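Asks: Please find target.cif (mmCIF, C-alpha atoms) on the next line:
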```
data_structure
loop_
_atom_site.group_PDB
_atom_site.id
_atom_site.type_symbol
_atom_site.label_atom_id
_atom_site.label_comp_id
_atom_site.auth_asym_id
_atom_site.auth_seq_id
_atom_site.Cartn_x
_atom_site.Cartn_y
_atom_site.Cartn_z
ATOM 1 C CA MET A 1 26.139 36.887 -3.665
ATOM 2 C CA PRO A 2 27.977 33.623 -4.435
ATOM 3 C CA ASN A 3 27.113 31.635 -7.538
ATOM 4 C CA LYS A 4 25.329 28.363 -6.921
ATOM 5 C CA THR A 5 26.313 25.194 -8.719
ATOM 6 C CA ASN A 6 23.733 23.252 -10.718
ATOM 7 C CA ALA A 7 23.516 20.694 -7.919
ATOM 8 C CA GLU A 8 22.854 23.376 -5.318
ATOM 9 C CA SER A 9 20.191 25.130 -7.366
ATOM 10 C CA ALA A 10 18.551 21.806 -8.274
ATOM 11 C CA ALA A 11 18.465 20.583 -4.671
ATOM 12 C CA ALA A 12 16.716 23.643 -3.223
ATOM 13 C CA PRO A 13 13.517 23.692 -5.328
ATOM 14 C CA ALA A 14 13.282 19.901 -5.417
ATOM 15 C CA ALA A 15 13.005 19.767 -1.637
ATOM 16 C CA ALA A 16 9.771 21.760 -1.798
ATOM 17 C CA ASN A 17 8.196 19.475 -4.410
ATOM 18 C CA PRO A 18 6.906 16.024 -3.510
ATOM 19 C CA PRO A 19 7.582 13.387 -6.159
ATOM 20 C CA GLU A 20 4.764 12.601 -8.575
ATOM 21 C CA SER A 21 5.305 8.855 -8.339
ATOM 22 C CA PHE A 22 7.371 6.112 -6.753
ATOM 23 C CA GLU A 23 9.332 5.750 -9.979
ATOM 24 C CA GLN A 24 10.116 9.457 -10.110
ATOM 25 C CA ALA A 25 11.269 9.386 -6.487
ATOM 26 C CA MET A 26 13.554 6.418 -7.172
ATOM 27 C CA ALA A 27 15.036 8.125 -10.249
ATOM 28 C CA GLU A 28 15.680 11.330 -8.321
ATOM 29 C CA LEU A 29 17.194 9.361 -5.454
ATOM 30 C CA ALA A 30 19.541 7.550 -7.848
ATOM 31 C CA GLN A 31 20.589 10.889 -9.337
ATOM 32 C CA LEU A 32 21.286 12.329 -5.888
ATOM 33 C CA VAL A 33 23.375 9.309 -4.926
ATOM 34 C CA THR A 34 25.413 9.652 -8.119
ATOM 35 C CA GLN A 35 26.015 13.354 -7.452
ATOM 36 C CA MET A 36 27.024 12.730 -3.854
ATOM 37 C CA GLU A 37 29.294 9.815 -4.727
ATOM 38 C CA SER A 38 31.115 11.952 -7.289
ATOM 39 C CA GLY A 39 32.556 14.023 -4.447
ATOM 40 C CA GLN A 40 32.102 17.200 -6.465
ATOM 41 C CA LEU A 41 29.300 18.770 -4.417
ATOM 42 C CA PRO A 42 30.121 21.560 -1.988
ATOM 43 C CA LEU A 43 29.291 20.872 1.654
ATOM 44 C CA GLU A 44 25.991 22.792 1.668
ATOM 45 C CA ALA A 45 24.818 21.058 -1.496
ATOM 46 C CA SER A 46 25.771 17.682 -0.021
ATOM 47 C CA VAL A 47 23.705 18.398 3.087
ATOM 48 C CA ALA A 48 20.753 19.527 0.951
ATOM 49 C CA ALA A 49 21.081 16.416 -1.243
ATOM 50 C CA TYR A 50 21.190 14.204 1.844
ATOM 51 C CA ALA A 51 18.071 15.878 3.268
ATOM 52 C CA ARG A 52 16.217 15.484 -0.028
ATOM 53 C CA GLY A 53 17.339 11.868 -0.244
ATOM 54 C CA SER A 54 15.930 11.228 3.228
ATOM 55 C CA GLU A 55 12.594 12.727 2.166
ATOM 56 C CA LEU A 56 12.556 10.527 -0.940
ATOM 57 C CA VAL A 57 13.355 7.385 1.049
ATOM 58 C CA ARG A 58 10.485 8.139 3.447
ATOM 59 C CA TYR A 59 8.133 8.791 0.516
ATOM 60 C CA CYS A 60 9.117 5.486 -1.130
ATOM 61 C CA ALA A 61 8.693 3.576 2.142
ATOM 62 C CA VAL A 62 5.174 4.959 2.585
ATOM 63 C CA GLN A 63 4.278 4.059 -1.005
ATOM 64 C CA LEU A 64 5.583 0.511 -0.528
ATOM 65 C CA GLU A 65 3.589 0.133 2.699
ATOM 66 C CA LYS A 66 0.420 1.243 0.872
ATOM 67 C CA VAL A 67 0.998 -1.285 -1.897
ATOM 68 C CA GLU A 68 1.745 -4.030 0.621
ATOM 69 C CA SER A 69 -1.583 -3.273 2.344
ATOM 70 C CA GLN A 70 -3.403 -3.461 -0.979
ATOM 71 C CA VAL A 71 -1.767 -6.795 -1.822
ATOM 72 C CA LYS A 72 -2.750 -8.196 1.589
ATOM 73 C CA VAL A 73 -6.366 -7.235 0.934
ATOM 74 C CA LEU A 74 -6.279 -8.735 -2.556
ATOM 75 C CA GLU A 75 -4.739 -11.954 -1.259
ATOM 76 C CA GLY A 76 -7.195 -12.256 1.627
ATOM 77 C CA GLU A 77 -4.580 -11.355 4.266
ATOM 78 C CA MET A 78 -2.503 -14.407 3.308
ATOM 79 C CA LEU A 79 0.501 -13.551 1.194
ATOM 80 C CA LYS A 80 1.517 -16.426 -1.029
ATOM 81 C CA PRO A 81 5.188 -17.242 -1.609
ATOM 82 C CA PHE A 82 6.487 -16.074 -4.957
ATOM 83 C CA SER A 83 7.275 -18.983 -7.253
ATOM 84 C CA THR A 84 10.021 -18.393 -9.809
ATOM 85 C CA ASP A 85 9.665 -21.748 -11.583
ATOM 86 C CA GLY A 86 6.118 -21.103 -12.787
ATOM 87 C CA GLU A 87 4.539 -23.667 -10.446
ATOM 88 C CA ASP A 88 1.799 -22.661 -8.043
ATOM 89 C CA ASP A 89 2.613 -23.249 -4.384
ATOM 90 C CA VAL A 90 -0.189 -24.916 -2.505
#
```
Please express the file's structure as structure tokens.

Replies:
Amino acid sequence: MPNKTNAESAAAPAAANPPESFEQAMAELAQLVTQMESGQLPLEASVAAYARGSELVRYCAVQLEKVESQVKVLEGEMLKPFSTDGEDDV
């Protein structure tokens, strides 16, 4: 039985576990990108990391859509432009 690298063993159980929060998903995604960009992962680990990354991106997109819906409700369905100079847009 071949030995698995840390990246391979980390990618397999992570795929079964949904992230606990948006922030955790983003942190894990950043870690996966760093590992993949290093070019040190074997092919199978790269594929597993890519699959996990895709799951995390979908999770984050769903979370952002939920928050956007909440903001629309709070703003009465009219999103206001963000003002960076501290002035209120009317």

Asks: Would you work out the distance separating atom CA of Ser46 of chain A from atom CA of Val33 of chain A, expressed in Å to one decimal?

Replies: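 These two atoms are separated by 10.0 Å.
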
Asks: Just to confirm, what's the straight-line distance from atom CA of Glu23 of chain A to atom CA of Arg52 of chain A in Å (one decimal)?

Replies: 15.5 Å

Asks: Between atom CA of Leu29 of chain A and atom CA of Ala49 of chain A, measure the distance and give it in Å to one decimal.

Replies: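 About the pair atom CA of Leu29 of chain A and atom CA of Ala49 of chain A: they are 9.1 Å apart.
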
Asks: Would you pick out the contacts of Ser54 of chain A at 12 Å or less, using all atoms listed in the file, so that residues sharing its chain but fewer than 6 positions from it are not included, and give the list as an MDAnalysis selection string?

Replies: chainID A and resid 15 25:26 28:29 32:33 47:48 60:61

Asks: Using all atoms listed in the file, find the one residue out of A:Glu55, A:Thr34, A:Ala45, A:Gly39 that sits nearest to Asn17 of chain A.

Replies: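 Closest residue, counting all atoms listed in the file: A:Glu55.
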
Asks: So, counting all atoms listed in the file, which residue among A:Val73, A:Met36, A:Val57, A:Val67 is closest to Pro19 of chain A?

Replies: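 Under the stated criterion, the closest residue is A:Val57.
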
Asks: How about completing segment 41-65 of chain A with N, CA, C and O atoms and giving it to me as a CSV table (one decimal), in the coordinates of the input?

Replies:
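Wrote out-v2.csv, looks like this:
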```csv
chain,number,residue,atom,x,y,z
A,41,LEU,N,30.2,17.8,-5.0
A,41,LEU,CA,29.3,18.8,-4.4
A,41,LEU,C,29.9,19.5,-3.3
A,41,LEU,O,30.6,18.9,-2.4
A,42,PRO,N,29.7,20.8,-3.2
A,42,PRO,CA,30.1,21.6,-2.0
A,42,PRO,C,29.4,21.1,-0.8
A,42,PRO,O,28.3,20.4,-0.9
A,43,LEU,N,29.9,21.4,0.4
A,43,LEU,CA,29.3,20.9,1.7
A,43,LEU,C,27.8,21.2,1.8
A,43,LEU,O,27.0,20.3,2.1
A,44,GLU,N,27.4,22.4,1.5
A,44,GLU,CA,26.0,22.8,1.7
A,44,GLU,C,25.1,22.0,0.7
A,44,GLU,O,24.0,21.6,1.1
A,45,ALA,N,25.6,21.8,-0.5
A,45,ALA,CA,24.8,21.1,-1.5
A,45,ALA,C,24.7,19.6,-1.1
A,45,ALA,O,23.7,18.9,-1.3
A,46,SER,N,25.8,19.1,-0.5
A,46,SER,CA,25.8,17.7,0.0
A,46,SER,C,24.7,17.5,1.1
A,46,SER,O,24.0,16.5,1.1
A,47,VAL,N,24.7,18.5,2.0
A,47,VAL,CA,23.7,18.4,3.1
A,47,VAL,C,22.3,18.5,2.5
A,47,VAL,O,21.4,17.7,2.9
A,48,ALA,N,22.1,19.4,1.6
A,48,ALA,CA,20.8,19.5,1.0
A,48,ALA,C,20.4,18.3,0.2
A,48,ALA,O,19.2,17.8,0.3
A,49,ALA,N,21.3,17.7,-0.5
A,49,ALA,CA,21.1,16.4,-1.2
A,49,ALA,C,20.8,15.3,-0.3
A,49,ALA,O,19.8,14.5,-0.5
A,50,TYR,N,21.5,15.2,0.8
A,50,TYR,CA,21.2,14.2,1.8
A,50,TYR,C,19.8,14.4,2.4
A,50,TYR,O,19.0,13.4,2.6
A,51,ALA,N,19.4,15.6,2.7
A,51,ALA,CA,18.1,15.9,3.3
A,51,ALA,C,17.0,15.5,2.3
A,51,ALA,O,16.0,14.9,2.6
A,52,ARG,N,17.2,15.8,1.0
A,52,ARG,CA,16.2,15.5,0.0
A,52,ARG,C,16.2,14.0,-0.2
A,52,ARG,O,15.1,13.4,-0.3
A,53,GLY,N,17.3,13.3,-0.1
A,53,GLY,CA,17.3,11.9,-0.2
A,53,GLY,C,16.6,11.2,0.9
A,53,GLY,O,15.8,10.2,0.7
A,54,SER,N,16.7,11.8,2.1
A,54,SER,CA,15.9,11.2,3.2
A,54,SER,C,14.4,11.4,3.0
A,54,SER,O,13.7,10.5,3.3
A,55,GLU,N,14.0,12.5,2.5
A,55,GLU,CA,12.6,12.7,2.2
A,55,GLU,C,12.1,11.7,1.1
A,55,GLU,O,11.0,11.1,1.3
A,56,LEU,N,12.9,11.5,0.1
A,56,LEU,CA,12.6,10.5,-0.9
A,56,LEU,C,12.5,9.1,-0.4
A,56,LEU,O,11.6,8.4,-0.8
A,57,VAL,N,13.4,8.7,0.5
A,57,VAL,CA,13.4,7.4,1.0
A,57,VAL,C,12.1,7.2,1.9
A,57,VAL,O,11.4,6.2,1.8
A,58,ARG,N,11.7,8.2,2.7
A,58,ARG,CA,10.5,8.1,3.4
A,58,ARG,C,9.3,8.0,2.5
A,58,ARG,O,8.4,7.2,2.8
A,59,TYR,N,9.2,8.8,1.5
A,59,TYR,CA,8.1,8.8,0.5
A,59,TYR,C,8.0,7.4,-0.1
A,59,TYR,O,6.9,6.8,-0.1
A,60,CYS,N,9.1,6.8,-0.5
A,60,CYS,CA,9.1,5.5,-1.1
A,60,CYS,C,8.7,4.4,-0.1
A,60,CYS,O,7.9,3.5,-0.5
A,61,ALA,N,9.1,4.5,1.1
A,61,ALA,CA,8.7,3.6,2.1
A,61,ALA,C,7.2,3.6,2.4
A,61,ALA,O,6.5,2.6,2.5
A,62,VAL,N,6.6,4.8,2.4
A,62,VAL,CA,5.2,5.0,2.6
A,62,VAL,C,4.4,4.4,1.4
A,62,VAL,O,3.4,3.6,1.6
A,63,GLN,N,4.9,4.6,0.2
A,63,GLN,CA,4.3,4.1,-1.0
A,63,GLN,C,4.3,2.5,-1.0
A,63,GLN,O,3.3,1.9,-1.3
A,64,LEU,N,5.5,2.0,-0.6
A,64,LEU,CA,5.6,0.5,-0.5
A,64,LEU,C,4.7,-0.1,0.5
A,64,LEU,O,4.1,-1.1,0.3
A,65,GLU,N,4.5,0.6,1.7
A,65,GLU,CA,3.6,0.1,2.7
A,65,GLU,C,2.1,0.1,2.2
A,65,GLU,O,1.4,-0.8,2.5
```
